[in-house]
file my_file06.txt (compact mmCIF, C-alpha atoms)
# COMPACT_ATOMS: atom_id res chain seq x y z
CA MET A 1 -66.90 75.12 21.35
CA GLN A 2 -67.18 78.80 22.17
CA ASN A 3 -66.32 78.24 25.89
CA GLN A 4 -63.09 76.46 24.97
CA GLN A 5 -59.74 78.28 25.12
CA LEU A 6 -56.45 77.31 23.52
CA ILE A 7 -53.08 78.04 25.15
CA ALA A 8 -50.28 78.06 22.57
CA ARG A 9 -46.58 78.23 23.54
CA GLU A 10 -43.86 79.27 21.12
CA LEU A 11 -40.75 77.07 21.29
CA GLY A 12 -38.80 78.69 18.46
CA GLY A 13 -37.88 77.52 15.00
CA GLY A 14 -41.54 77.54 13.95
CA VAL A 15 -42.47 74.89 16.55
CA TRP A 16 -45.45 75.35 18.91
CA GLN A 17 -46.99 73.48 21.81
CA TRP A 18 -50.64 73.84 22.73
CA ALA A 19 -53.36 72.60 25.04
CA SER A 20 -57.06 73.35 25.49
CA ARG A 21 -59.01 74.14 28.62
CA ASP A 22 -62.68 74.77 29.33
CA ALA A 23 -64.45 77.78 30.86
CA GLU A 24 -63.73 76.46 34.39
CA GLY A 25 -59.99 76.30 33.66
CA GLN A 26 -59.80 72.49 33.42
CA TRP A 27 -57.43 71.03 30.84
CA LEU A 28 -59.32 69.04 28.22
CA GLU A 29 -56.46 66.69 27.21
CA ASP A 30 -53.77 64.88 29.14
CA GLU A 31 -51.07 65.24 26.49
CA ILE A 32 -49.59 68.47 25.17
CA ALA A 33 -49.73 68.69 21.37
CA THR A 34 -46.67 69.79 19.38
CA GLY A 35 -46.41 70.90 15.77
CA ASP A 36 -45.93 73.79 13.36
CA ARG A 37 -48.20 76.78 12.99
CA GLU A 38 -50.44 75.08 10.40
CA ALA A 39 -51.04 72.17 12.79
CA LEU A 40 -51.90 74.69 15.49
CA PHE A 41 -54.44 76.39 13.22
CA ALA A 42 -55.96 73.01 12.39
CA ALA A 43 -56.31 72.24 16.12
CA LEU A 44 -58.50 75.30 16.71
CA PRO A 45 -62.17 74.23 17.14
CA ALA A 46 -63.11 77.45 15.32
CA SER A 47 -61.17 80.41 13.96
CA ASN A 48 -62.71 82.64 16.62
CA THR A 49 -61.79 80.36 19.53
CA PRO A 50 -60.06 82.49 22.22
CA LEU A 51 -56.32 82.01 21.89
CA SER A 52 -53.64 82.91 24.46
CA LEU A 53 -50.06 83.09 23.24
CA VAL A 54 -47.11 82.14 25.47
CA LEU A 55 -44.03 83.88 24.11
CA ARG A 56 -40.42 82.85 24.59
CA GLY A 57 -39.13 84.54 27.73
CA GLN A 58 -35.68 85.17 26.19
CA GLN A 59 -37.37 87.65 23.81
CA VAL A 60 -39.39 89.54 26.43
CA VAL A 61 -37.77 91.58 29.21
CA ALA A 62 -39.52 92.30 32.54
CA THR A 63 -38.35 95.26 34.61
CA GLN A 64 -39.57 98.09 36.84
CA VAL A 65 -39.45 101.88 36.65
CA GLU A 66 -39.92 104.43 39.42
CA LEU A 67 -42.23 107.35 38.56
CA ASP A 68 -43.86 109.94 40.79
CA LYS A 69 -47.61 110.60 40.74
CA LYS A 70 -47.36 113.37 38.15
CA GLN A 71 -45.22 111.23 35.86
CA LEU A 72 -47.64 108.29 36.13
CA LYS A 73 -50.17 110.29 34.09
CA HIS A 74 -47.70 110.26 31.18
CA ALA A 75 -46.22 106.81 31.84
CA ALA A 76 -46.73 105.55 28.29
CA LYS A 77 -44.50 108.31 26.91
CA LEU A 78 -41.97 108.44 29.74
CA ILE A 79 -41.24 104.74 30.38
CA PRO A 80 -39.34 104.03 27.13
CA TYR A 81 -36.99 106.96 27.73
CA GLU A 82 -36.54 106.14 31.42
CA LEU A 83 -35.18 102.76 30.27
CA GLU A 84 -33.30 104.05 27.24
CA ASP A 85 -29.84 103.75 28.81
CA ASN A 86 -30.42 100.04 29.54
CA LEU A 87 -31.88 99.11 26.15
CA SER A 88 -29.94 97.21 23.52
CA ALA A 89 -32.12 98.56 20.69
CA PRO A 90 -33.59 101.97 19.78
CA VAL A 91 -36.78 102.93 21.60
CA ASP A 92 -38.72 103.12 18.35
CA ASP A 93 -37.89 99.48 17.59
CA LEU A 94 -39.43 98.16 20.83
CA HIS A 95 -42.98 97.47 21.99
CA PHE A 96 -43.74 98.38 25.64
CA THR A 97 -46.56 97.48 28.00
CA PHE A 98 -46.80 98.44 31.66
CA SER A 99 -48.83 98.14 34.84
CA ALA A 100 -48.79 100.62 37.75
CA GLN A 101 -48.05 98.98 41.09
CA ALA A 102 -48.36 100.20 44.67
CA GLY A 103 -46.40 103.33 45.41
CA ASP A 104 -44.30 104.78 42.61
CA ARG A 105 -43.15 101.55 40.95
CA VAL A 106 -44.35 100.60 37.48
CA SER A 107 -43.90 97.08 36.09
CA VAL A 108 -42.86 96.97 32.45
CA LEU A 109 -42.54 94.36 29.68
CA TYR A 110 -40.81 95.14 26.40
CA THR A 111 -39.86 93.18 23.29
CA ASP A 112 -38.83 93.68 19.68
CA SER A 113 -41.69 95.44 17.89
CA GLN A 114 -41.14 93.94 14.43
CA ALA A 115 -40.92 90.36 15.72
CA CYS A 116 -44.05 90.95 17.80
CA ALA A 117 -45.90 92.37 14.78
CA GLU A 118 -44.95 89.40 12.58
CA ARG A 119 -46.14 86.97 15.23
CA PHE A 120 -49.52 88.63 15.68
CA ASP A 121 -49.99 89.12 11.93
CA GLN A 122 -49.61 85.39 11.34
CA PHE A 123 -52.59 84.70 13.59
CA ASP A 124 -54.65 87.71 12.51
CA GLU A 125 -54.41 86.63 8.87
CA GLN A 126 -56.07 83.34 9.86
CA GLY A 127 -58.85 85.21 11.69
CA CYS A 128 -57.66 83.90 15.08
CA ASP A 129 -58.94 85.66 18.19
CA VAL A 130 -55.66 86.26 20.05
CA ARG A 131 -56.69 87.76 23.39
CA SER A 132 -53.45 87.75 25.36
CA ALA A 133 -49.71 87.39 24.89
CA LEU A 134 -47.37 86.93 27.87
CA PRO A 135 -43.81 85.63 28.32
CA ASP A 136 -43.59 82.06 29.58
CA TYR A 137 -41.99 82.93 32.93
CA LEU A 138 -44.99 85.07 34.02
CA LEU A 139 -47.27 82.03 33.73
CA LEU A 140 -45.38 79.95 36.31
CA ALA A 141 -47.36 79.29 39.50
CA LEU A 142 -45.91 81.45 42.24
CA PRO A 143 -45.85 80.27 45.89
CA GLU A 144 -46.54 82.79 48.63
CA GLN A 145 -43.29 84.64 49.43
CA GLY A 146 -41.48 82.30 47.09
CA ILE A 147 -39.83 81.83 43.70
CA THR A 148 -40.49 79.26 40.96
CA LEU A 149 -37.70 77.87 38.75
CA VAL A 150 -38.21 75.55 35.78
CA LEU A 151 -35.19 73.93 34.08
CA GLU A 152 -35.81 72.85 30.49
CA HIS A 153 -33.52 71.47 27.80
CA GLU A 154 -32.12 74.80 26.68
CA SER A 155 -33.21 77.36 29.23
CA LEU A 156 -34.10 78.22 32.80
CA LEU A 157 -37.39 79.99 33.55
CA VAL A 158 -37.64 81.99 36.77
CA ARG A 159 -40.63 83.84 38.21
CA LEU A 160 -39.70 86.14 41.09
CA SER A 161 -42.97 88.00 41.69
CA LYS A 162 -46.36 88.59 40.17
CA ASP A 163 -44.95 90.66 37.32
CA TRP A 164 -41.20 90.04 37.40
CA GLY A 165 -39.17 87.17 36.03
CA PHE A 166 -36.86 86.10 33.24
CA ALA A 167 -35.76 83.26 30.96
CA ILE A 168 -32.10 82.57 30.26
CA GLU A 169 -29.95 79.96 28.52
CA ARG A 170 -28.85 77.26 30.95
CA GLU A 171 -25.14 78.03 30.41
CA LEU A 172 -25.64 81.48 31.95
CA ALA A 173 -28.04 80.37 34.67
CA PRO A 174 -25.51 79.74 37.53
CA VAL A 175 -23.93 83.19 37.20
CA LEU A 176 -27.26 84.99 36.96
CA LEU A 177 -28.74 83.16 39.97
CA SER A 178 -25.75 84.08 42.14
CA ARG A 179 -26.17 87.73 41.19
CA LEU A 180 -29.91 87.51 41.67
CA ALA A 181 -29.51 86.63 45.36
CA GLU A 182 -27.83 90.01 45.85
CA HIS A 183 -30.35 91.97 43.76
CA SER A 184 -31.60 95.10 45.52
CA ALA A 185 -35.19 94.22 44.65
CA LEU A 186 -34.90 91.02 46.70
CA GLY A 187 -32.43 92.19 49.34
CA GLU A 188 -34.36 92.26 52.61
CA GLN A 189 -37.22 90.21 51.10
CA ALA A 190 -35.38 86.97 50.48
CA PRO A 191 -37.68 84.12 49.35
CA HIS A 192 -39.07 81.74 51.95
CA VAL A 193 -39.91 78.94 49.51
CA LEU A 194 -38.37 77.66 46.29
CA ARG A 195 -40.40 75.59 43.82
CA LEU A 196 -38.13 73.65 41.48
CA PHE A 197 -39.17 71.81 38.30
CA ALA A 198 -36.99 69.68 36.03
CA ALA A 199 -37.37 66.77 33.61
CA ASP A 200 -35.79 64.16 35.96
CA GLU A 201 -33.88 63.75 39.22
CA ASP A 202 -30.50 64.46 37.63
CA GLN A 203 -31.77 67.73 36.22
CA LEU A 204 -33.26 68.64 39.61
CA GLU A 205 -29.91 68.06 41.32
CA LEU A 206 -28.20 70.17 38.66
CA LEU A 207 -30.67 72.98 39.26
CA LYS A 208 -30.12 72.80 43.03
CA SER A 209 -26.36 73.01 42.52
CA TRP A 210 -26.82 76.36 40.77
CA LEU A 211 -28.63 77.92 43.72
CA PRO A 212 -26.70 80.58 45.67
CA ASP A 213 -25.42 79.58 49.11
CA GLY A 214 -28.02 81.72 50.83
CA TRP A 215 -30.80 79.85 49.03
CA GLN A 216 -29.57 76.36 49.88
CA ILE A 217 -31.13 76.57 53.34
CA ILE A 218 -34.52 77.79 52.05
CA ASP A 219 -37.43 75.34 51.96
CA GLN A 220 -37.47 73.63 48.58
CA ASP A 221 -40.37 71.91 46.86
CA SER A 222 -39.01 69.76 44.05
CA PHE A 223 -41.11 68.35 41.19
CA ILE A 224 -40.47 66.19 38.15
CA GLY A 225 -42.24 68.04 35.35
CA SER A 226 -42.13 70.57 32.54
CA PHE A 227 -43.34 74.10 31.96
CA TRP A 228 -46.93 72.84 31.54
CA ASP A 229 -46.81 71.23 35.00
CA ALA A 230 -45.53 74.42 36.61
CA ILE A 231 -47.96 76.93 35.19
CA GLU A 232 -51.04 78.43 36.74
CA PHE A 233 -52.75 80.24 33.91
CA ASP A 234 -53.70 83.57 35.43
CA GLU A 235 -55.70 86.02 33.38
CA GLY A 236 -55.27 88.64 36.09
CA LEU A 237 -52.44 90.34 34.20
CA PRO A 238 -54.35 92.31 31.56
CA ALA A 239 -52.21 95.42 31.97
CA LEU A 240 -48.99 93.50 31.19
CA ASN A 241 -50.62 91.85 28.22
CA LEU A 242 -48.47 92.50 25.13
CA ARG A 243 -51.65 92.34 23.04
CA ARG A 244 -52.34 96.03 23.56
CA GLY A 245 -51.35 99.43 22.20
CA SER A 246 -50.47 99.18 18.52
CA PHE A 247 -51.05 95.40 18.72
CA ALA A 248 -54.44 95.55 20.42
CA ARG A 249 -57.20 93.27 19.15
CA LYS A 250 -58.94 94.55 16.03
CA LEU A 251 -62.53 94.11 15.01
CA PRO A 252 -62.85 91.00 12.79
CA PHE A 253 -63.98 92.83 9.69
CA GLU A 254 -62.86 90.08 7.33
CA ARG A 255 -64.82 87.42 9.22
CA TRP A 256 -67.85 89.68 9.40
CA TRP A 257 -67.55 90.39 5.69
CA SER A 258 -67.46 86.65 4.88
CA LEU A 259 -70.65 86.18 6.93
CA TRP A 260 -72.50 89.22 5.60
CA ARG A 261 -71.14 89.37 2.07
CA LYS A 262 -74.09 87.65 0.36
CA PRO A 263 -76.80 89.42 2.43
CA GLY A 264 -74.90 92.67 1.89
CA ILE A 265 -74.82 92.16 -1.89
CA ILE A 266 -78.56 91.37 -1.91
CA VAL A 267 -79.33 94.48 0.14
CA ALA A 268 -77.10 96.58 -2.14
CA ILE A 269 -78.89 95.28 -5.25
CA ALA A 270 -82.29 95.96 -3.66
CA PHE A 271 -81.16 99.47 -2.76
CA VAL A 272 -79.92 100.17 -6.29
CA LEU A 273 -83.18 98.86 -7.78
CA ALA A 274 -85.24 100.96 -5.38
CA LEU A 275 -83.12 103.98 -6.25
CA VAL A 276 -83.60 103.40 -9.99
CA VAL A 277 -87.37 103.00 -9.55
CA ASN A 278 -87.59 106.20 -7.52
CA VAL A 279 -85.47 108.14 -10.02
CA VAL A 280 -87.63 106.93 -12.92
CA ALA A 281 -90.81 107.81 -10.98
CA TYR A 282 -89.38 111.25 -10.17
CA PHE A 283 -88.61 112.13 -13.79
CA SER A 284 -91.98 110.71 -14.89
CA ALA A 285 -93.82 112.86 -12.34
CA LYS A 286 -91.69 115.85 -13.34
CA GLY A 287 -92.69 115.40 -17.01
CA GLU A 288 -96.38 115.11 -16.07
CA ALA A 289 -96.10 118.27 -13.95
CA GLU A 290 -94.58 120.17 -16.88
CA GLN A 291 -97.40 119.02 -19.18
CA LEU A 292 -100.00 120.04 -16.60
CA ARG A 293 -98.35 123.44 -16.24
CA GLU A 294 -98.50 123.97 -19.99
CA GLN A 295 -102.22 123.10 -19.99
CA ILE A 296 -102.91 125.53 -17.12
CA ASN A 297 -101.03 128.30 -18.93
CA ALA A 298 -103.00 127.60 -22.13
CA VAL A 299 -106.31 127.86 -20.24
CA TYR A 300 -105.20 131.12 -18.63
CA LEU A 301 -104.16 132.65 -21.97
CA ASP A 302 -107.53 131.64 -23.43
CA ALA A 303 -109.29 133.44 -20.59
CA VAL A 304 -106.87 136.38 -20.49
CA PRO A 305 -105.27 136.71 -23.95
CA ASN A 306 -102.99 139.58 -22.92
CA GLY A 307 -102.20 138.20 -19.47
CA ARG A 308 -98.68 137.69 -18.15
CA LEU A 309 -97.69 134.16 -17.15
CA GLY A 310 -96.87 133.66 -13.51
CA ASP A 311 -98.95 132.27 -10.68
CA VAL A 312 -101.84 131.72 -13.07
CA GLU A 313 -103.97 129.78 -10.58
CA ARG A 314 -104.00 132.68 -8.16
CA MET A 315 -104.69 135.21 -10.93
CA LEU A 316 -107.63 133.15 -12.26
CA GLU A 317 -109.09 132.77 -8.78
CA SER A 318 -108.80 136.54 -8.28
CA LYS A 319 -110.65 137.26 -11.51
CA LEU A 320 -113.38 134.74 -10.73
CA SER A 321 -113.90 136.15 -7.24
CA SER A 322 -114.42 139.61 -8.76
CA VAL A 323 -117.41 138.38 -10.78
CA LYS A 324 -120.71 139.07 -8.93
CA LYS A 325 -122.68 136.08 -7.94
CA VAL A 326 -126.06 135.72 -9.65
CA SER A 327 -128.91 134.83 -7.34
CA ASN A 328 -131.96 132.91 -8.51
CA ASP A 329 -134.12 134.28 -5.64
CA PRO A 330 -136.82 136.84 -6.64
CA SER A 331 -135.99 140.49 -5.86
CA ASN A 332 -137.88 142.29 -3.04
CA PHE A 333 -136.90 145.75 -4.31
CA VAL A 334 -140.39 146.71 -5.41
CA PHE A 335 -141.87 145.57 -2.11
CA LEU A 336 -139.46 147.62 -0.05
CA LEU A 337 -139.70 150.67 -2.30
CA ASP A 338 -143.50 150.60 -2.14
CA LYS A 339 -143.57 150.49 1.66
CA VAL A 340 -141.00 153.27 2.05
CA THR A 341 -142.45 155.67 -0.52
CA THR A 342 -146.00 155.20 0.79
CA LEU A 343 -144.93 156.33 4.26
CA ILE A 344 -142.86 159.23 2.92
CA ALA A 345 -145.68 160.47 0.67
CA GLY A 346 -148.00 160.89 3.64
CA ASP A 347 -145.62 162.99 5.74
CA LYS A 348 -144.25 166.42 4.73
CA ASP A 349 -141.59 166.32 7.52
CA ILE A 350 -139.77 163.45 5.84
CA GLU A 351 -137.57 163.88 2.76
CA LEU A 352 -135.80 161.09 0.77
CA SER A 353 -132.32 162.15 -0.41
CA SER A 354 -131.01 158.88 -1.98
CA LEU A 355 -131.46 155.18 -2.08
CA SER A 356 -129.66 152.08 -3.39
CA TYR A 357 -130.53 148.40 -3.49
CA ASN A 358 -128.19 145.46 -2.60
CA GLY A 359 -129.48 142.30 -4.22
CA ASP A 360 -127.16 140.00 -2.25
CA GLN A 361 -128.35 141.45 1.03
CA ARG A 362 -131.93 142.03 -0.25
CA ALA A 363 -131.90 145.45 1.43
CA LEU A 364 -132.41 149.16 0.63
CA GLN A 365 -129.82 151.70 1.72
CA LEU A 366 -131.68 154.98 2.47
CA THR A 367 -130.44 158.53 3.12
CA MET A 368 -133.34 160.66 4.55
CA ASN A 369 -133.91 164.02 6.26
CA PHE A 370 -136.20 164.38 9.30
CA SER A 371 -137.48 167.46 11.09
CA SER A 372 -136.77 165.86 14.46
CA LEU A 373 -135.42 162.75 16.08
CA GLU A 374 -138.92 161.93 17.29
CA LYS A 375 -140.00 161.91 13.64
CA LEU A 376 -137.18 159.49 12.84
CA ALA A 377 -138.28 157.15 15.62
CA ASP A 378 -141.91 157.39 14.50
CA PHE A 379 -140.87 156.55 10.90
CA ARG A 380 -139.04 153.40 12.01
CA ASN A 381 -142.08 152.28 14.01
CA GLN A 382 -144.28 152.75 10.93
CA LEU A 383 -141.88 150.65 8.84
CA SER A 384 -142.02 147.87 11.40
CA ALA A 385 -145.82 148.02 11.34
CA VAL A 386 -145.87 147.35 7.55
CA GLY A 387 -143.34 144.42 7.72
CA VAL A 388 -140.04 146.21 7.17
CA ASP A 389 -137.09 146.05 9.58
CA SER A 390 -134.52 148.84 9.84
CA ASP A 391 -130.97 148.88 11.22
CA SER A 392 -129.91 151.45 13.75
CA PRO A 393 -129.45 154.65 11.72
CA ARG A 394 -126.38 156.84 11.65
CA THR A 395 -127.69 160.34 12.30
CA THR A 396 -126.09 163.75 11.74
CA SER A 397 -127.46 167.25 12.27
CA VAL A 398 -127.84 169.33 9.08
CA GLY A 399 -129.10 172.83 9.82
CA ASP A 400 -132.47 172.55 11.54
CA GLN A 401 -132.95 169.00 10.28
CA TYR A 402 -131.45 165.55 11.01
CA GLN A 403 -129.99 163.39 8.25
CA ALA A 404 -130.20 159.65 8.82
CA ARG A 405 -128.62 156.77 6.91
CA MET A 406 -130.18 153.38 7.46
CA LYS A 407 -130.60 150.00 5.87
CA VAL A 408 -134.06 148.46 5.61
CA ARG A 409 -134.98 144.90 4.68
CA GLU A 410 -138.02 142.70 4.61
CA ALA A 411 -138.95 141.46 8.04
CA ARG A 412 -138.57 137.71 8.62
call {"tool": "encode", "arguments": {"input": "my_file06.txt", "output": "structure tokens"}}
result
Amino acid sequence: MQNQQLIARELGGGVWQWASRDAEGQWLEDEIATGDREALFAALPASNTPLSLVLRGQQVVATQVELDKKQLKHAAKLIPYELEDNLSAPVDDLHFTFSAQAGDRVSVLYTDSQACAERFDQFDEQGCDVRSALPDYLLLALPEQGITLVLEHESLLVRLSKDWGFAIERELAPVLLSRLAEHSALGEQAPHVLRLFAADEDQLELLKSWLPDGWQIIDQDSFIGSFWDAIEFDEGLPALNLRRGSFARKLPFERWWSLWRKPGIIVAIAFVLALVVNVVAYFSAKGEAEQLREQINAVYLDAVPNGRLGDVERMLESKLSSVKKVSNDPSNFVFLLDKVTTLIAGDKDIELSSLSYNGDQRALQLTMNFSSLEKLADFRNQLSAVGVDSDSPRTTSVGDQYQARMKVREAR
């Protein structure tokens, strides 16, 4: 089920414990399952079921660093070197995650980088969707102004605040608890409540005997139970999640490829076939274009034997446009010439200098000399009377006469 989430706790030696819960945070089974990593994989409803890892607290250190506001901007680079004097391994061999708190304090988790990488790789290779990884002590339910302690077979888990705690072997627990009561971080803020968990009454009494003298008078809530009874799975710690930085979640390319491999192959084949068809069509069209070009050049050379090959279509169009159009309409040249010469012959003050005929325009172009402008106007009126129209003449003075150029055509 997609809304189901699996919580898996590492016990060491390749052994894991796990339990499932639904979207509302309710546990789906009463018993906690135990087994190796293969059994854990088999318990996943689906490979992409959200998985939260609970890491062994002995391998993850929680601490705090003080940085001013300017340094906070570069916290990721500064924090490892601020802690360098207290580290038991080189900075480059450790994986850090941090969360800025109120004021100038920054909460930090760090662990061995190689061990962390191997752990995440084991799940990534199976396609598991590991969304968070936190040490076991940060999952303990924390009472208001209190501390939670869980005694197990080999270790003691302690959660001191929202983002501070530790896990230690039980042999060292009494000494560490006595020092913890004097820790400067607790100092004036001594706990008001202690929540104690152990497997039975004897273990509870043993745990109480380890408490510092100052804690013996603090209210104590004792419970018979294990780690799973003491936890309150809180996803409100994303910044302290070790599944970030170089170990952040990656896109599930392998799972996507398994889902889309066949459709992808089909699409690729279709693309290649379409490409081949288009390439074949291109070369076919190119061959036809070359043949057509050869035919056009042959036609041009037939029409213009000594012509130079080039843009032969344009050159042929130019030659064709220079050929005069032949009209099938009857010419009106004789009609116009008869009307004009008849009027000129009857008037000594009019002289014809030249004429030309335009068959396309069906008009005579006349150049004539007149003794006066009144004579010119009278001549045009006479032409109109015999069915001939004339354009406005262009007139120039030549000696004591006027030369006029005009175009006459048959009246419509």
call {"tool": "closest_residue", "arguments": {"input": "my_file06.txt", "among": "A:Glu294, A:Glu410, A:Arg159, A:Tyr110", "to": "Pro90 in chain A", "atoms": "only C-alpha atoms"}}
result
A:Tyr110
call {"tool": "atom_distance", "arguments": {"input": "my_file06.txt", "atom1": "CA of Gln361 in chain A", "atom2": "CA of Arg412 in chain A"}}
result
13.3 Å
call {"tool": "atom_distance", "arguments": {"input": "my_file06.txt", "atom1": "CA of Val106 in chain A", "atom2": "CA of Arg131 in chain A"}}
result
22.7 Å
call {"tool": "closest_residue", "arguments": {"input": "my_file06.txt", "among": "A:Met406, A:Ala89, A:Ala117, A:Ala363", "to": "Leu376 in chain A", "atoms": "only C-alpha atoms"}}
result
A:Met406
call {"tool": "residues_around", "arguments": {"input": "my_file06.txt", "residues": "Leu157 in chain A", "least_positions_apart": "4", "cutoff": "7 Å", "atoms": "all atoms listed in the file", "output": "ChimeraX atom specification"}}
result
/A:137,149-151,166-168
call {"tool": "closest_residue", "arguments": {"input": "my_file06.txt", "among": "A:Ala76, A:Ser222, A:Val279, A:Glu171", "to": "Thr148 in chain A", "atoms": "only C-alpha atoms"}}
result
A:Ser222
call {"tool": "residues_near_point", "arguments": {"input": "my_file06.txt", "point": "(-35.0, 74.5, 38.2)", "cutoff": "12 Å", "atoms": "all atoms listed in the file", "output": "MDAnalysis selection string"}}
result
chainID A and resid 140 147:159 167:168 170 173:174 177 194:211 220:227 230
call {"tool": "build_atoms", "arguments": {"input": "my_file06.txt", "residues": "range 396-411 of chain A", "atoms": "N, CA and C atoms", "output": "PDB file, in the frame of the given file"}}
result
ATOM      1  N   THR A 396    -126.878 162.511  11.613  1.00  0.00           N
ATOM      2  CA  THR A 396    -126.090 163.750  11.740  1.00  0.00           C
ATOM      3  C   THR A 396    -127.036 164.938  11.643  1.00  0.00           C
ATOM      4  N   SER A 397    -126.643 166.019  12.284  1.00  0.00           N
ATOM      5  CA  SER A 397    -127.460 167.250  12.270  1.00  0.00           C
ATOM      6  C   SER A 397    -127.065 168.107  11.073  1.00  0.00           C
ATOM      7  N   VAL A 398    -128.063 168.493  10.264  1.00  0.00           N
ATOM      8  CA  VAL A 398    -127.840 169.330   9.080  1.00  0.00           C
ATOM      9  C   VAL A 398    -128.781 170.545   9.175  1.00  0.00           C
ATOM     10  N   GLY A 399    -128.242 171.641   9.622  1.00  0.00           N
ATOM     11  CA  GLY A 399    -129.100 172.830   9.820  1.00  0.00           C
ATOM     12  C   GLY A 399    -130.124 172.566  10.920  1.00  0.00           C
ATOM     13  N   ASP A 400    -131.408 172.801  10.565  1.00  0.00           N
ATOM     14  CA  ASP A 400    -132.470 172.550  11.540  1.00  0.00           C
ATOM     15  C   ASP A 400    -133.105 171.175  11.325  1.00  0.00           C
ATOM     16  N   GLN A 401    -132.440 170.347  10.527  1.00  0.00           N
ATOM     17  CA  GLN A 401    -132.950 169.000  10.280  1.00  0.00           C
ATOM     18  C   GLN A 401    -131.897 167.945  10.720  1.00  0.00           C
ATOM     19  N   TYR A 402    -132.331 166.675  10.683  1.00  0.00           N
ATOM     20  CA  TYR A 402    -131.450 165.550  11.010  1.00  0.00           C
ATOM     21  C   TYR A 402    -131.399 164.600   9.811  1.00  0.00           C
ATOM     22  N   GLN A 403    -130.180 164.318   9.386  1.00  0.00           N
ATOM     23  CA  GLN A 403    -129.990 163.390   8.250  1.00  0.00           C
ATOM     24  C   GLN A 403    -129.642 162.008   8.818  1.00  0.00           C
ATOM     25  N   ALA A 404    -130.396 161.014   8.330  1.00  0.00           N
ATOM     26  CA  ALA A 404    -130.200 159.650   8.820  1.00  0.00           C
ATOM     27  C   ALA A 404    -129.926 158.701   7.667  1.00  0.00           C
ATOM     28  N   ARG A 405    -128.920 157.807   7.885  1.00  0.00           N
ATOM     29  CA  ARG A 405    -128.620 156.770   6.910  1.00  0.00           C
ATOM     30  C   ARG A 405    -128.936 155.437   7.570  1.00  0.00           C
ATOM     31  N   MET A 406    -129.772 154.659   6.887  1.00  0.00           N
ATOM     32  CA  MET A 406    -130.180 153.380   7.460  1.00  0.00           C
ATOM     33  C   MET A 406    -130.412 152.365   6.361  1.00  0.00           C
ATOM     34  N   LYS A 407    -130.364 151.084   6.786  1.00  0.00           N
ATOM     35  CA  LYS A 407    -130.600 150.000   5.870  1.00  0.00           C
ATOM     36  C   LYS A 407    -131.871 149.293   6.304  1.00  0.00           C
ATOM     37  N   VAL A 408    -132.793 149.110   5.305  1.00  0.00           N
ATOM     38  CA  VAL A 408    -134.060 148.460   5.610  1.00  0.00           C
ATOM     39  C   VAL A 408    -134.179 147.176   4.781  1.00  0.00           C
ATOM     40  N   ARG A 409    -134.817 146.184   5.381  1.00  0.00           N
ATOM     41  CA  ARG A 409    -134.980 144.900   4.680  1.00  0.00           C
ATOM     42  C   ARG A 409    -136.299 144.280   5.116  1.00  0.00           C
ATOM     43  N   GLU A 410    -136.764 143.367   4.334  1.00  0.00           N
ATOM     44  CA  GLU A 410    -138.020 142.700   4.610  1.00  0.00           C
ATOM     45  C   GLU A 410    -137.931 141.917   5.916  1.00  0.00           C
ATOM     46  N   ALA A 411    -138.951 142.137   6.748  1.00  0.00           N
ATOM     47  CA  ALA A 411    -138.950 141.460   8.040  1.00  0.00           C
ATOM     48  C   ALA A 411    -139.130 139.955   7.863  1.00  0.00           C
TER      49      ALA A 411
END
